[in-house]
$ cat start_0.cif   # mmCIF, C-alpha atoms
data_structure
#
loop_
_atom_site.group_PDB
_atom_site.id
_atom_site.type_symbol
_atom_site.label_atom_id
_atom_site.label_comp_id
_atom_site.auth_asym_id
_atom_site.auth_seq_id
_atom_site.Cartn_x
_atom_site.Cartn_y
_atom_site.Cartn_z
ATOM 1 C CA LYS B 1 12.168 -7.736 14.774
ATOM 2 C CA ALA B 2 8.804 -9.324 15.538
ATOM 3 C CA GLY B 3 5.755 -7.094 15.234
ATOM 4 C CA VAL B 4 2.901 -6.568 17.636
ATOM 5 C CA THR B 5 1.054 -9.794 18.313
ATOM 6 C CA GLN B 6 -2.462 -10.222 19.603
ATOM 7 C CA THR B 7 -4.206 -13.305 20.881
ATOM 8 C CA PRO B 8 -6.638 -14.725 20.246
ATOM 9 C CA ARG B 9 -7.352 -13.581 16.693
ATOM 10 C CA TYR B 10 -11.021 -14.530 16.810
ATOM 11 C CA LEU B 11 -13.406 -14.985 19.677
ATOM 12 C CA ILE B 12 -17.098 -15.754 20.046
ATOM 13 C CA LYS B 13 -18.795 -15.067 23.362
ATOM 14 C CA THR B 14 -22.345 -14.718 24.621
ATOM 15 C CA ARG B 15 -23.936 -11.769 26.364
ATOM 16 C CA GLY B 16 -23.023 -11.495 30.017
ATOM 17 C CA GLN B 17 -19.735 -13.328 29.704
ATOM 18 C CA GLN B 18 -16.365 -11.707 30.178
ATOM 19 C CA VAL B 19 -13.353 -11.796 27.892
ATOM 20 C CA THR B 20 -9.613 -11.146 28.156
ATOM 21 C CA LEU B 21 -7.527 -10.145 25.162
ATOM 22 C CA SER B 22 -3.742 -10.136 25.080
ATOM 23 C CA CYS B 23 -1.208 -7.943 23.321
ATOM 24 C CA SER B 24 2.552 -8.375 23.088
ATOM 25 C CA PRO B 25 4.288 -5.194 21.930
ATOM 26 C CA ILE B 26 7.359 -4.876 19.766
ATOM 27 C CA SER B 27 10.484 -5.606 21.776
ATOM 28 C CA GLY B 28 11.665 -2.444 23.512
ATOM 29 C CA HIS B 29 8.323 -0.668 23.276
ATOM 30 C CA ARG B 30 6.917 0.392 26.617
ATOM 31 C CA SER B 31 3.650 1.983 25.569
ATOM 32 C CA VAL B 32 0.614 -0.062 24.599
ATOM 33 C CA SER B 33 -2.664 1.461 23.461
ATOM 34 C CA TRP B 34 -5.956 -0.293 22.845
ATOM 35 C CA TYR B 35 -8.606 0.649 20.300
ATOM 36 C CA GLN B 36 -12.064 -0.583 19.417
ATOM 37 C CA GLN B 37 -13.063 -0.495 15.763
ATOM 38 C CA THR B 38 -16.656 -0.829 14.585
ATOM 39 C CA PRO B 39 -18.261 0.023 11.247
ATOM 40 C CA GLY B 40 -20.409 2.723 12.808
ATOM 41 C CA GLN B 41 -17.992 4.444 15.171
ATOM 42 C CA GLY B 42 -14.692 3.795 13.452
ATOM 43 C CA LEU B 43 -11.512 3.483 15.471
ATOM 44 C CA GLN B 44 -11.977 4.615 19.054
ATOM 45 C CA PHE B 45 -9.325 4.904 21.730
ATOM 46 C CA LEU B 46 -9.829 2.757 24.817
ATOM 47 C CA PHE B 47 -6.755 3.312 26.969
ATOM 48 C CA GLU B 48 -2.993 3.548 26.977
ATOM 49 C CA TYR B 49 -0.508 1.918 29.315
ATOM 50 C CA PHE B 50 3.073 2.939 29.878
ATOM 51 C CA SER B 51 5.404 1.226 32.323
ATOM 52 C CA GLU B 52 2.521 -0.672 33.932
ATOM 53 C CA THR B 53 0.490 2.502 34.548
ATOM 54 C CA GLN B 54 -2.613 3.650 32.742
ATOM 55 C CA ARG B 55 -1.599 6.956 31.211
ATOM 56 C CA ASN B 56 -4.724 7.832 29.279
ATOM 57 C CA LYS B 57 -8.293 6.650 28.996
ATOM 58 C CA GLY B 58 -11.036 7.025 26.422
ATOM 59 C CA ASN B 59 -14.770 7.334 26.952
ATOM 60 C CA PHE B 60 -15.727 3.749 27.581
ATOM 61 C CA PRO B 61 -17.672 2.306 30.502
ATOM 62 C CA GLY B 62 -15.934 0.706 33.456
ATOM 63 C CA ARG B 63 -16.654 -2.742 32.017
ATOM 64 C CA PHE B 64 -13.590 -2.157 29.892
ATOM 65 C CA SER B 65 -10.359 -2.436 31.810
ATOM 66 C CA GLY B 66 -6.765 -3.206 31.147
ATOM 67 C CA ARG B 67 -3.389 -3.767 32.660
ATOM 68 C CA GLN B 68 0.227 -3.935 31.660
ATOM 69 C CA PHE B 69 2.882 -6.258 32.977
ATOM 70 C CA SER B 70 6.531 -5.589 33.722
ATOM 71 C CA ASN B 71 7.522 -7.069 30.355
ATOM 72 C CA SER B 72 5.199 -4.508 28.658
ATOM 73 C CA ARG B 73 2.692 -7.139 27.584
ATOM 74 C CA SER B 74 -0.821 -5.889 28.051
ATOM 75 C CA GLU B 75 -4.249 -7.388 28.554
ATOM 76 C CA MET B 76 -7.646 -5.861 28.247
ATOM 77 C CA ASN B 77 -10.749 -7.253 29.870
ATOM 78 C CA VAL B 78 -14.382 -6.674 29.061
ATOM 79 C CA SER B 79 -16.874 -7.834 31.649
ATOM 80 C CA THR B 80 -20.598 -8.426 31.234
ATOM 81 C CA LEU B 81 -20.399 -8.460 27.459
ATOM 82 C CA GLU B 82 -23.086 -6.725 25.425
ATOM 83 C CA LEU B 83 -23.999 -7.244 21.777
ATOM 84 C CA GLY B 84 -22.561 -3.814 21.002
ATOM 85 C CA ASP B 85 -19.142 -4.932 22.158
ATOM 86 C CA SER B 86 -18.769 -6.940 18.955
ATOM 87 C CA ALA B 87 -15.834 -5.283 17.240
ATOM 88 C CA LEU B 88 -12.253 -5.545 16.105
ATOM 89 C CA TYR B 89 -9.967 -4.773 19.040
ATOM 90 C CA LEU B 90 -6.591 -3.439 18.071
ATOM 91 C CA CYS B 91 -3.555 -2.790 20.154
ATOM 92 C CA ALA B 92 -0.643 -0.619 19.186
ATOM 93 C CA SER B 93 2.789 -0.171 20.688
ATOM 94 C CA SER B 94 5.408 2.548 20.649
ATOM 95 C CA PHE B 95 8.574 3.395 22.550
ATOM 96 C CA GLY B 96 7.099 6.054 24.769
ATOM 97 C CA GLY B 97 3.666 6.907 23.450
ATOM 98 C CA ARG B 98 4.232 10.035 21.398
ATOM 99 C CA GLU B 99 6.128 8.311 18.599
ATOM 100 C CA THR B 100 4.639 6.353 15.743
ATOM 101 C CA GLN B 101 2.371 3.559 16.899
ATOM 102 C CA TYR B 102 2.636 0.118 15.340
ATOM 103 C CA PHE B 103 -0.516 -1.954 15.289
ATOM 104 C CA GLY B 104 -1.182 -5.622 15.802
ATOM 105 C CA PRO B 105 -3.506 -7.662 13.553
ATOM 106 C CA GLY B 106 -6.401 -7.321 15.977
ATOM 107 C CA THR B 107 -8.786 -9.614 17.794
ATOM 108 C CA ARG B 108 -12.217 -9.916 16.275
ATOM 109 C CA LEU B 109 -14.812 -10.382 19.002
ATOM 110 C CA LEU B 110 -18.332 -11.497 18.239
ATOM 111 C CA VAL B 111 -20.891 -11.334 21.033
ATOM 112 C CA LEU B 112 -24.030 -13.412 20.515
ATOM 113 C CA SER L 1 -12.001 17.899 21.398
ATOM 114 C CA GLN L 2 -10.340 17.483 18.037
ATOM 115 C CA GLU L 3 -12.163 15.767 15.206
ATOM 116 C CA LEU L 4 -10.842 14.458 11.926
ATOM 117 C CA GLU L 5 -13.006 14.316 8.851
ATOM 118 C CA GLN L 6 -11.951 12.242 5.877
ATOM 119 C CA SER L 7 -13.226 12.571 2.343
ATOM 120 C CA PRO L 8 -14.357 10.835 0.361
ATOM 121 C CA GLN L 9 -15.791 8.041 2.508
ATOM 122 C CA SER L 10 -15.234 5.611 -0.327
ATOM 123 C CA LEU L 11 -13.554 5.695 -3.669
ATOM 124 C CA ILE L 12 -13.587 3.379 -6.681
ATOM 125 C CA VAL L 13 -10.895 3.993 -9.276
ATOM 126 C CA GLN L 14 -9.630 2.220 -12.335
ATOM 127 C CA GLU L 15 -6.220 0.650 -12.009
ATOM 128 C CA GLY L 16 -3.554 3.058 -13.201
ATOM 129 C CA LYS L 17 -5.485 6.203 -12.258
ATOM 130 C CA ASN L 18 -4.375 8.772 -9.711
ATOM 131 C CA LEU L 19 -6.430 9.594 -6.639
ATOM 132 C CA THR L 20 -6.450 11.874 -3.615
ATOM 133 C CA ILE L 21 -7.831 11.385 -0.109
ATOM 134 C CA ASN L 22 -8.286 14.310 2.252
ATOM 135 C CA CYS L 23 -8.185 14.651 6.016
ATOM 136 C CA THR L 24 -9.414 17.842 7.671
ATOM 137 C CA SER L 25 -8.989 18.697 11.317
ATOM 138 C CA SER L 26 -11.093 20.922 13.535
ATOM 139 C CA LYS L 27 -7.900 22.109 15.259
ATOM 140 C CA THR L 28 -4.261 22.691 14.371
ATOM 141 C CA LEU L 29 -2.473 19.422 13.787
ATOM 142 C CA TYR L 30 0.735 18.822 15.685
ATOM 143 C CA GLY L 31 1.286 15.372 14.295
ATOM 144 C CA LEU L 32 -0.636 13.762 11.463
ATOM 145 C CA TYR L 33 -0.393 10.044 10.725
ATOM 146 C CA TRP L 34 -1.528 8.093 7.708
ATOM 147 C CA TYR L 35 -2.260 4.409 8.068
ATOM 148 C CA LYS L 36 -3.559 1.781 5.683
ATOM 149 C CA GLN L 37 -5.769 -1.089 6.792
ATOM 150 C CA LYS L 38 -6.615 -4.185 4.843
ATOM 151 C CA TYR L 39 -10.174 -5.227 5.575
ATOM 152 C CA GLY L 40 -10.488 -6.688 9.067
ATOM 153 C CA GLU L 41 -6.785 -6.497 9.797
ATOM 154 C CA GLY L 42 -4.404 -4.244 11.677
ATOM 155 C CA LEU L 43 -3.172 -0.842 10.578
ATOM 156 C CA ILE L 44 0.013 -0.417 8.610
ATOM 157 C CA PHE L 45 1.922 2.812 9.238
ATOM 158 C CA LEU L 46 2.484 4.836 6.070
ATOM 159 C CA MET L 47 3.754 8.290 7.028
ATOM 160 C CA MET L 48 3.848 10.927 9.706
ATOM 161 C CA LEU L 49 3.808 14.681 9.028
ATOM 162 C CA GLN L 50 4.575 17.353 11.577
ATOM 163 C CA LYS L 51 5.582 20.591 9.907
ATOM 164 C CA GLY L 52 3.367 22.939 7.941
ATOM 165 C CA GLY L 53 3.966 22.450 4.242
ATOM 166 C CA GLU L 54 5.701 19.134 4.810
ATOM 167 C CA GLU L 55 5.485 16.508 2.094
ATOM 168 C CA LYS L 56 6.608 12.902 2.252
ATOM 169 C CA SER L 57 6.590 10.128 -0.305
ATOM 170 C CA HIS L 58 6.835 6.388 -0.118
ATOM 171 C CA GLU L 59 6.778 4.493 -3.378
ATOM 172 C CA LYS L 60 3.724 5.841 -5.214
ATOM 173 C CA ILE L 61 2.089 7.440 -2.185
ATOM 174 C CA THR L 62 2.623 11.095 -1.310
ATOM 175 C CA ALA L 63 1.216 12.849 1.740
ATOM 176 C CA LYS L 64 1.166 16.590 2.388
ATOM 177 C CA LEU L 65 0.316 18.744 5.366
ATOM 178 C CA ASP L 66 -0.898 22.238 4.533
ATOM 179 C CA GLU L 67 0.777 25.371 5.851
ATOM 180 C CA LYS L 68 -1.962 26.014 8.375
ATOM 181 C CA LYS L 69 -1.628 22.439 9.609
ATOM 182 C CA GLN L 70 -5.331 21.744 9.505
ATOM 183 C CA GLN L 71 -5.572 19.648 6.380
ATOM 184 C CA SER L 72 -3.628 16.762 4.935
ATOM 185 C CA SER L 73 -3.933 14.979 1.617
ATOM 186 C CA LEU L 74 -2.780 11.555 0.525
ATOM 187 C CA HIS L 75 -2.145 11.130 -3.175
ATOM 188 C CA ILE L 76 -1.632 7.819 -4.953
ATOM 189 C CA THR L 77 -0.112 7.852 -8.411
ATOM 190 C CA ALA L 78 -0.852 5.117 -10.943
ATOM 191 C CA SER L 79 -2.971 3.075 -8.529
ATOM 192 C CA GLN L 80 -2.543 -0.682 -8.320
ATOM 193 C CA PRO L 81 -4.727 -3.445 -6.834
ATOM 194 C CA SER L 82 -2.314 -3.591 -3.880
ATOM 195 C CA HIS L 83 -3.383 -0.064 -2.920
ATOM 196 C CA ALA L 84 -6.902 -1.229 -2.117
ATOM 197 C CA GLY L 85 -7.919 -0.962 1.517
ATOM 198 C CA ILE L 86 -8.989 1.572 4.105
ATOM 199 C CA TYR L 87 -6.873 4.673 4.594
ATOM 200 C CA LEU L 88 -7.041 6.341 7.988
ATOM 201 C CA CYS L 89 -5.596 9.589 9.155
ATOM 202 C CA GLY L 90 -4.744 10.012 12.816
ATOM 203 C CA ALA L 91 -3.891 13.086 14.855
ATOM 204 C CA ASP L 92 -1.682 13.298 17.881
ATOM 205 C CA GLU L 93 -3.630 14.950 20.685
ATOM 206 C CA ASP L 94 -3.124 13.752 24.242
ATOM 207 C CA LYS L 95 -4.006 10.462 22.604
ATOM 208 C CA ILE L 96 -4.159 9.578 18.961
ATOM 209 C CA ILE L 97 -7.565 10.045 17.382
ATOM 210 C CA PHE L 98 -8.554 8.769 13.969
ATOM 211 C CA GLY L 99 -10.837 9.739 11.139
ATOM 212 C CA LYS L 100 -13.521 7.286 10.021
ATOM 213 C CA GLY L 101 -11.421 6.193 7.070
ATOM 214 C CA THR L 102 -11.648 6.155 3.268
ATOM 215 C CA ARG L 103 -12.393 2.836 1.595
ATOM 216 C CA LEU L 104 -10.452 2.515 -1.639
ATOM 217 C CA HIS L 105 -11.379 -0.033 -4.293
ATOM 218 C CA ILE L 106 -9.252 -0.526 -7.377
ATOM 219 C CA LEU L 107 -10.898 -1.887 -10.522
ATOM 220 C CA PRO L 108 -8.632 -4.041 -12.695
#
$ encode --input "start_0.cif" --output "structure tokens"
Amino acid sequence: KAGVTQTPRYLIKTRGQQVTLSCSPISGHRSVSWYQQTPGQGLQFLFEYFSETQRNKGNFPGRFSGRQFSNSRSEMNVSTLELGDSALYLCASSFGGRETQYFGPGTRLLVL
Amino acid sequence: SQELEQSPQSLIVQEGKNLTINCTSSKTLYGLYWYKQKYGEGLIFLMMLQKGGEEKSHEKITAKLDEKKQQSSLHITASQPSHAGIYLCGADEDKIIFGKGTRLHILP
């Protein structure tokens, strides 16, 4: 069974731009969660989607948004990028959210 | 809100030695996950513990959850270079939260 895939793997943007990251969960998984990982803050929860609905949200500004499609694929968008948004963005999928989460390889975003 | 503290923050051990990583919670743990991360990559699921006193093993890695369900330890026996990476504990609250991780280096 294929694992969680994320595209793109690497991305370089400049301040003020916006970016969209994509996550394809494991087949059959309906929950997708997004995390931001930085050296200073560690792994921080962004939001979780289940059956196309945002079920939970972390403490991030409104510039961070996401959505989930009917096939459970998810995208997250960051608008008006700031230097501090440089991070590894990880998505994880599970069947229903409370089971073990399986992580993708991440998208490394560099904001210049 | 719940916080997870991991210790030590980093660890350097000689290949073949045993080591232990700890994860302490500010609240009772109802689900405790251990993940391993190779530098700059995704997390690999290791184990999940739910019951007080529970212990699970996978190859040379053993994880325990104490009776009070506020502390977990991860023990590696006879460490190998393949064990190097960042070990993260995660707790199941209304969302999963993670500790800051323990960086493990193995010296050949």
$ residues_around --input "start_0.cif" --residues "Gln37 of chain L" --least-positions-apart "5" --cutoff "10 Å" --atoms "only C-alpha atoms" --output "number ranges by chain"
B: 105; L: 42-45, 84-88, 101-103
$ write_last_selection --input "start_0.cif" --atoms "C-alpha atoms" --output "PDB file, in the frame of the given file"
ATOM      1  CA  PRO B 105      -3.506  -7.662  13.553  1.00  0.00           C
TER       2      PRO B 105
ATOM      3  CA  GLY L  42      -4.404  -4.244  11.677  1.00  0.00           C
ATOM      4  CA  LEU L  43      -3.172  -0.842  10.578  1.00  0.00           C
ATOM      5  CA  ILE L  44       0.013  -0.417   8.610  1.00  0.00           C
ATOM      6  CA  PHE L  45       1.922   2.812   9.238  1.00  0.00           C
ATOM      7  CA  ALA L  84      -6.902  -1.229  -2.117  1.00  0.00           C
ATOM      8  CA  GLY L  85      -7.919  -0.962   1.517  1.00  0.00           C
ATOM      9  CA  ILE L  86      -8.989   1.572   4.105  1.00  0.00           C
ATOM     10  CA  TYR L  87      -6.873   4.673   4.594  1.00  0.00           C
ATOM     11  CA  LEU L  88      -7.041   6.341   7.988  1.00  0.00           C
ATOM     12  CA  GLY L 101     -11.421   6.193   7.070  1.00  0.00           C
ATOM     13  CA  THR L 102     -11.648   6.155   3.268  1.00  0.00           C
ATOM     14  CA  ARG L 103     -12.393   2.836   1.595  1.00  0.00           C
TER      15      ARG L 103
END
$ interface_residues --input "start_0.cif" --of "chain L" --to "chain B" --cutoff "10 Å" --atoms "only C-alpha atoms" --output "compact mmCIF listing (two decimals) with C-alpha atoms, in the frame of the given file"
# COMPACT_ATOMS: atom_id res chain seq x y z
CA GLY L 31 1.29 15.37 14.30
CA TYR L 33 -0.39 10.04 10.72
CA TYR L 35 -2.26 4.41 8.07
CA GLN L 37 -5.77 -1.09 6.79
CA LYS L 38 -6.62 -4.18 4.84
CA GLY L 40 -10.49 -6.69 9.07
CA GLU L 41 -6.78 -6.50 9.80
CA GLY L 42 -4.40 -4.24 11.68
CA LEU L 43 -3.17 -0.84 10.58
CA ILE L 44 0.01 -0.42 8.61
CA PHE L 45 1.92 2.81 9.24
CA MET L 47 3.75 8.29 7.03
CA MET L 48 3.85 10.93 9.71
CA LEU L 88 -7.04 6.34 7.99
CA GLY L 90 -4.74 10.01 12.82
CA ASP L 92 -1.68 13.30 17.88
CA GLU L 93 -3.63 14.95 20.68
CA ASP L 94 -3.12 13.75 24.24
CA LYS L 95 -4.01 10.46 22.60
CA ILE L 96 -4.16 9.58 18.96
CA ILE L 97 -7.56 10.04 17.38
CA PHE L 98 -8.55 8.77 13.97
CA GLY L 99 -10.84 9.74 11.14
CA LYS L 100 -13.52 7.29 10.02
CA GLY L 101 -11.42 6.19 7.07
$ atom_distance --input "start_0.cif" --atom1 "atom CA of Leu4 of chain L" --atom2 "atom CA of Thr62 of chain L"
19.2 Å
$ atom_distance --input "start_0.cif" --atom1 "atom CA of Glu59 of chain L" --atom2 "atom CA of Thr28 of chain L"
27.7 Å
$ resolve_selection --input "start_0.cif" --expression "the PyMOL selection byres ((chain L and resi 78) around 6)" --output "tab-separated table (two decimals) with C-alpha atoms, in the coordinates of the input"
chain	number	residue	atom	x	y	z
L	16	GLY	CA	-3.55	3.06	-13.20
L	17	LYS	CA	-5.48	6.20	-12.26
L	18	ASN	CA	-4.38	8.77	-9.71
L	77	THR	CA	-0.11	7.85	-8.41
L	79	SER	CA	-2.97	3.08	-8.53
$ atom_distance --input "start_0.cif" --atom1 "atom CA of His58 of chain L" --atom2 "atom CA of Cys89 of chain L"
15.8 Å
$ decode --input "start_0.cif" --residues "segment 44-104 of chain L" --atoms "C-alpha atoms" --output "compact mmCIF listing (two decimals), in the first residue's frame"
# COMPACT_ATOMS: atom_id res chain seq x y z
CA ILE L 44 8.14 6.91 11.19
CA PHE L 45 5.67 5.37 13.64
CA LEU L 46 7.35 3.16 16.24
CA MET L 47 4.82 2.32 18.95
CA MET L 48 1.68 3.41 20.71
CA LEU L 49 0.99 2.86 24.42
CA GLN L 50 -2.36 3.30 26.09
CA LYS L 51 -2.53 1.38 29.35
CA GLY L 52 -0.69 2.15 32.56
CA GLY L 53 2.26 -0.19 32.93
CA GLU L 54 2.12 -1.18 29.28
CA GLU L 55 5.34 -2.19 27.57
CA LYS L 56 5.91 -2.84 23.89
CA SER L 57 8.96 -3.92 21.95
CA HIS L 58 9.96 -3.79 18.33
CA GLU L 59 13.31 -5.25 17.42
CA LYS L 60 15.76 -3.63 19.84
CA ILE L 61 13.46 -0.80 20.92
CA THR L 62 11.27 -1.07 24.01
CA ALA L 63 8.80 1.56 25.17
CA LYS L 64 7.03 1.68 28.53
CA LEU L 65 4.23 3.77 29.97
CA ASP L 66 4.30 4.17 33.74
CA GLU L 67 1.39 3.18 35.96
CA LYS L 68 0.34 6.76 36.52
CA LYS L 69 0.37 7.33 32.77
CA GLN L 70 2.37 10.52 32.97
CA GLN L 71 5.76 9.29 31.87
CA SER L 72 7.05 7.08 29.10
CA SER L 73 10.52 5.80 28.35
CA LEU L 74 12.05 4.48 25.17
CA HIS L 75 14.96 2.11 25.59
CA ILE L 76 17.31 0.99 22.83
CA THR L 77 19.46 -2.06 23.42
CA ALA L 78 22.80 -2.51 21.67
CA SER L 79 22.46 0.67 19.60
CA GLN L 80 23.36 0.65 15.92
CA PRO L 81 24.05 3.46 13.42
CA SER L 82 20.57 2.87 11.98
CA HIS L 83 19.08 4.04 15.28
CA ALA L 84 20.40 7.56 14.76
CA GLY L 85 17.78 10.24 14.29
CA ILE L 86 15.27 12.29 16.24
CA TYR L 87 12.87 10.51 18.55
CA LEU L 88 9.58 12.24 19.27
CA CYS L 89 6.87 11.37 21.70
CA GLY L 90 3.32 12.44 20.95
CA ALA L 91 0.22 12.53 23.12
CA ASP L 92 -3.35 12.12 22.04
CA GLU L 93 -5.34 15.10 23.29
CA ASP L 94 -8.10 16.53 21.13
CA LYS L 95 -5.24 16.68 18.66
CA ILE L 96 -1.87 15.05 18.81
CA ILE L 97 0.82 17.16 20.42
CA PHE L 98 4.52 16.39 20.34
CA GLY L 99 7.56 16.87 22.49
CA LYS L 100 10.53 18.79 21.08
CA GLY L 101 12.38 15.57 20.35
CA THR L 102 15.63 13.86 21.36
CA ARG L 103 18.46 13.89 18.84
CA LEU L 104 20.36 10.61 18.95
